[in-house]
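Read through the structure below, which is laid out as structure tokens, and then see the notes.
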Amino acid sequence: MGVITAKFGGSSVADAAQIRKTKDIVMSRSNRRYVVVSGPGKRSSEDEKVTDLLYRYQGLAAAGDENGAAAVFSVIEERFIGLKRELAASVDIESALAKVAADLTAGASADYAASRGEFLNAQLIAAFYGYDFVDAAGLVLFDEDGNFLAEKTNAALSEELAKHERAVVPGFYGTWPDGSPKTFSRGGSDVTGALVARAVQADVYENWTDVSGFLMTDPRVVKNPHPIPVISYREQRELSSMGASVLHEDAVTPARLAGIPINIRNTNAPDEAGTMIVSDDAPEAVSPGVRGISGKKGYAALRVYRNAAGGGARILAPIFAVASQRGIQPDFALSAVDAATLYFADGADASALASALEKESSETRAEETTVAGGITLIAVVGNGVGADPGAAAKATAALAEGGIKSYGACFSVSETNLLVGVADRDYEAALNALYAKFS
Ligand code: ASP
């Protein structure tokens with residue numbers, strides 16, 4: 001029987017009742033042997049995540065606000081001591097908390113502070129399950145510039161985890177070469193889960209959260225969208241880059257490299273199958289069709305005109321050079337013979353690049369630039385969608401039937417993606433119209 005790696009996110013481990021659910025899930029399959037946990041998340045919408053409390057605590061301690069820091073620390077302390085009591089976990093959480101306080105008073109970093117939510121929670125949960133606690137420190141590795149070391153981490157994690165039949169590993173952080181904690185970006189326990197899955201060559205990486213997988217589109221905009229039972233890594237990345245995010249961006253790569261499917265599951269509804277994210281060429285993934293539709297508002301389009309520029313790289317390369325000198329990154333770009341259109345998630349970037357291009361030397365100077373904001377881009381994602389001439393016609397028809405003007409873009413960059421532009425004010429109507437047509 002293959003191994004399962006299960007990762008539980010903040011809401012799944014927010015209080016003792018939730019942690020009991022995770023134990024039932026873990027114990028219900030004897031091969032759920034490696035578990036990665038987040039720090040305790042929100043227990044209600046007004047509550048604060050322990051990670052946020054820790055960042056706040058560190059900020060106050062660093063600013064020398066002793067009273068403020070002590071007040072926040074007592075909230076953190078209460079949460080962990082409450083968990084220990086309710087779970088009857090035999091672990092010396094009091095001494096661990098005292099060490100956190102002492103280290104922060106002595107000037108420990110924000111990364112150190114934030115990492116302690118996962119560190120302490122994983123110890124409690126390991127004791128509650130009767131699993132070994134395996135710290136991520138010294139196993140999840142970064143270089144001196146803060147770059148994540150994928151292969152070294154994989155070697156260190158597999159060597160260590162091979163010594164443990166069953167283990168709980170804290171998510172979200174690893175260590176700098178000097179051994180001090182360095183965190184991934186927010187939501188990074190998903191990444192640790194994928195690293196552990198790869199290191200133990202799991203059959204599946206279960207990512208347990210508070211939704212039963214992905215829905216075809218945003219349920220806040222479209223009523224009762226269908227769930228997505230299966231999606232490929234590639235499709236999932238395209239959807240999440242356009243705003244449909246359940247999983248941390250960097251969590252997909254380690255699983256993809258190792259060919260491990262990711263199963264998004266709901267801790268509060270463990271009988272539901274959730275969504276399977278599988279290899280791009282897996283038989284379940286290759287059937288053509290629209291898998292999901294997601295969109296983002298607030299793009300700005302910068303149109304550039306330069307006579308006799310020549311299309312493609314001849315007009316785009318100098319524009320990109322100027323953009324990168326200024327640290328600006330366009331999200332999408334299109335070009336014609338003497339013109340280019342670049343889309344930016346941040347409108348200020350479009351304006352900054354427009355004025356920079358007008359000041360350039362004659363070789364690259366734009367003769368004309370215009371910036372138009374308030375654009376929504378909607379991605380219709382699915383295997384073969386981008387290559388299907390019918391898909392663009394269908395999208396255009398969906399908009400026309402809904403009386404919605406398409407705004408400058410209906411183009412496909414990859415086989416799996418068709419991008420449709422509309423005005424921000426038409427976002428909701430367009431998403432409904434496209435969903436109705438493609439679902
Ligand atoms: N606790 C961290 C956060 O709030 C990491 C995680 O939960 O994945 O971002």
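Here, A, B, ... name the chains of the structure tokens in the order displayed, residue numbers run from 1 inside each chain, and ligands are numbered from 1 in the same displayed order.
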Closest pair table for chain A residues within 6 Å of ligand 1, only C-alpha atoms and all ligand atoms, as CSV:
```
residue,atom,partner,partner_atom_place_in_ligand_line,distance
A:Gly9,CA,ligand 1,7 (O),5.7
A:Gly10,CA,ligand 1,7 (O),5.1
A:Ser38,CA,ligand 1,7 (O),4.4
A:Gly39,CA,ligand 1,1 (N),4.8
A:Thr51,CA,ligand 1,1 (N),5.1
A:Phe172,CA,ligand 1,5 (C),4.9
A:Arg186,CA,ligand 1,9 (O),3.5
A:Gly187,CA,ligand 1,8 (O),3.2
A:Gly188,CA,ligand 1,8 (O),4.2
A:Ser189,CA,ligand 1,8 (O),3.6
A:Asp190,CA,ligand 1,8 (O),5.7
```
Can you list every residue of stretch 253-348 of chain A that has an atom at most 12 Å from stretch 421-427 of chain A, with its nearest atom pair and the distance in Å to one decimal, using only C-alpha atoms, ordered by chain then number, as JSON lines?
```
{"residue": "A:Ser294", "atom": "CA", "partner": "A:Tyr427", "partner_atom": "CA", "distance": 10.4}
{"residue": "A:Gly295", "atom": "CA", "partner": "A:Tyr427", "partner_atom": "CA", "distance": 7.9}
{"residue": "A:Lys296", "atom": "CA", "partner": "A:Tyr427", "partner_atom": "CA", "distance": 8.4}
{"residue": "A:Lys297", "atom": "CA", "partner": "A:Asp424", "partner_atom": "CA", "distance": 5.7}
{"residue": "A:Gly298", "atom": "CA", "partner": "A:Asp424", "partner_atom": "CA", "distance": 6.7}
{"residue": "A:Tyr299", "atom": "CA", "partner": "A:Asp424", "partner_atom": "CA", "distance": 8.6}
{"residue": "A:Ala300", "atom": "CA", "partner": "A:Ala423", "partner_atom": "CA", "distance": 10.4}
{"residue": "A:Ala301", "atom": "CA", "partner": "A:Gly421", "partner_atom": "CA", "distance": 10.4}
{"residue": "A:Phe332", "atom": "CA", "partner": "A:Gly421", "partner_atom": "CA", "distance": 11.8}
{"residue": "A:Tyr343", "atom": "CA", "partner": "A:Gly421", "partner_atom": "CA", "distance": 10.4}
```
If you run DSSP on the backbone here, which positions in stretch 110-191 of chain A get helix (DSSP H, G or I)? Please write them as a PyMOL selection string. chain A and resi 110-129+150-161+189-191
Please measure the separation of atom CA of A:Thr267 and atom CA of A:Ala14, giving the value in Å to one decimal.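 Separating atom CA of A:Thr267 from atom CA of A:Ala14 is a distance of 11.6 Å.
Candidate residues A:Val72, A:Ala6, A:Leu316, A:Cys410 were compared for distance to A:Asn266, and the nearest is A:Ala6, using only C-alpha atoms.
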For A:Gly2, please output as a list in words all residues within 7 Å (counting only C-alpha atoms; exclusion window: fewer than 3 positions along the same chain). Asn31, Ala202 and Asp203 of chain A
Taking a cut-off of 9 Å and counting only C-alpha atoms, can you build a table that, for each residue of stretch 179-213 of chain A near stretch 269-281 of chain A, reports the nearest atom pair and how far apart they are in Å (one decimal), sorted by chain then residue number, as a Markdown table?
```
| residue | atom | partner | partner_atom | distance |
| --- | --- | --- | --- | --- |
| A:Trp208 | CA | A:Pro270 | CA | 8.9 |
| A:Asp210 | CA | A:Ala269 | CA | 8.3 |
| A:Val211 | CA | A:Gly274 | CA | 8.2 |
| A:Ser212 | CA | A:Gly274 | CA | 4.7 |
| A:Gly213 | CA | A:Gly274 | CA | 4.4 |
```
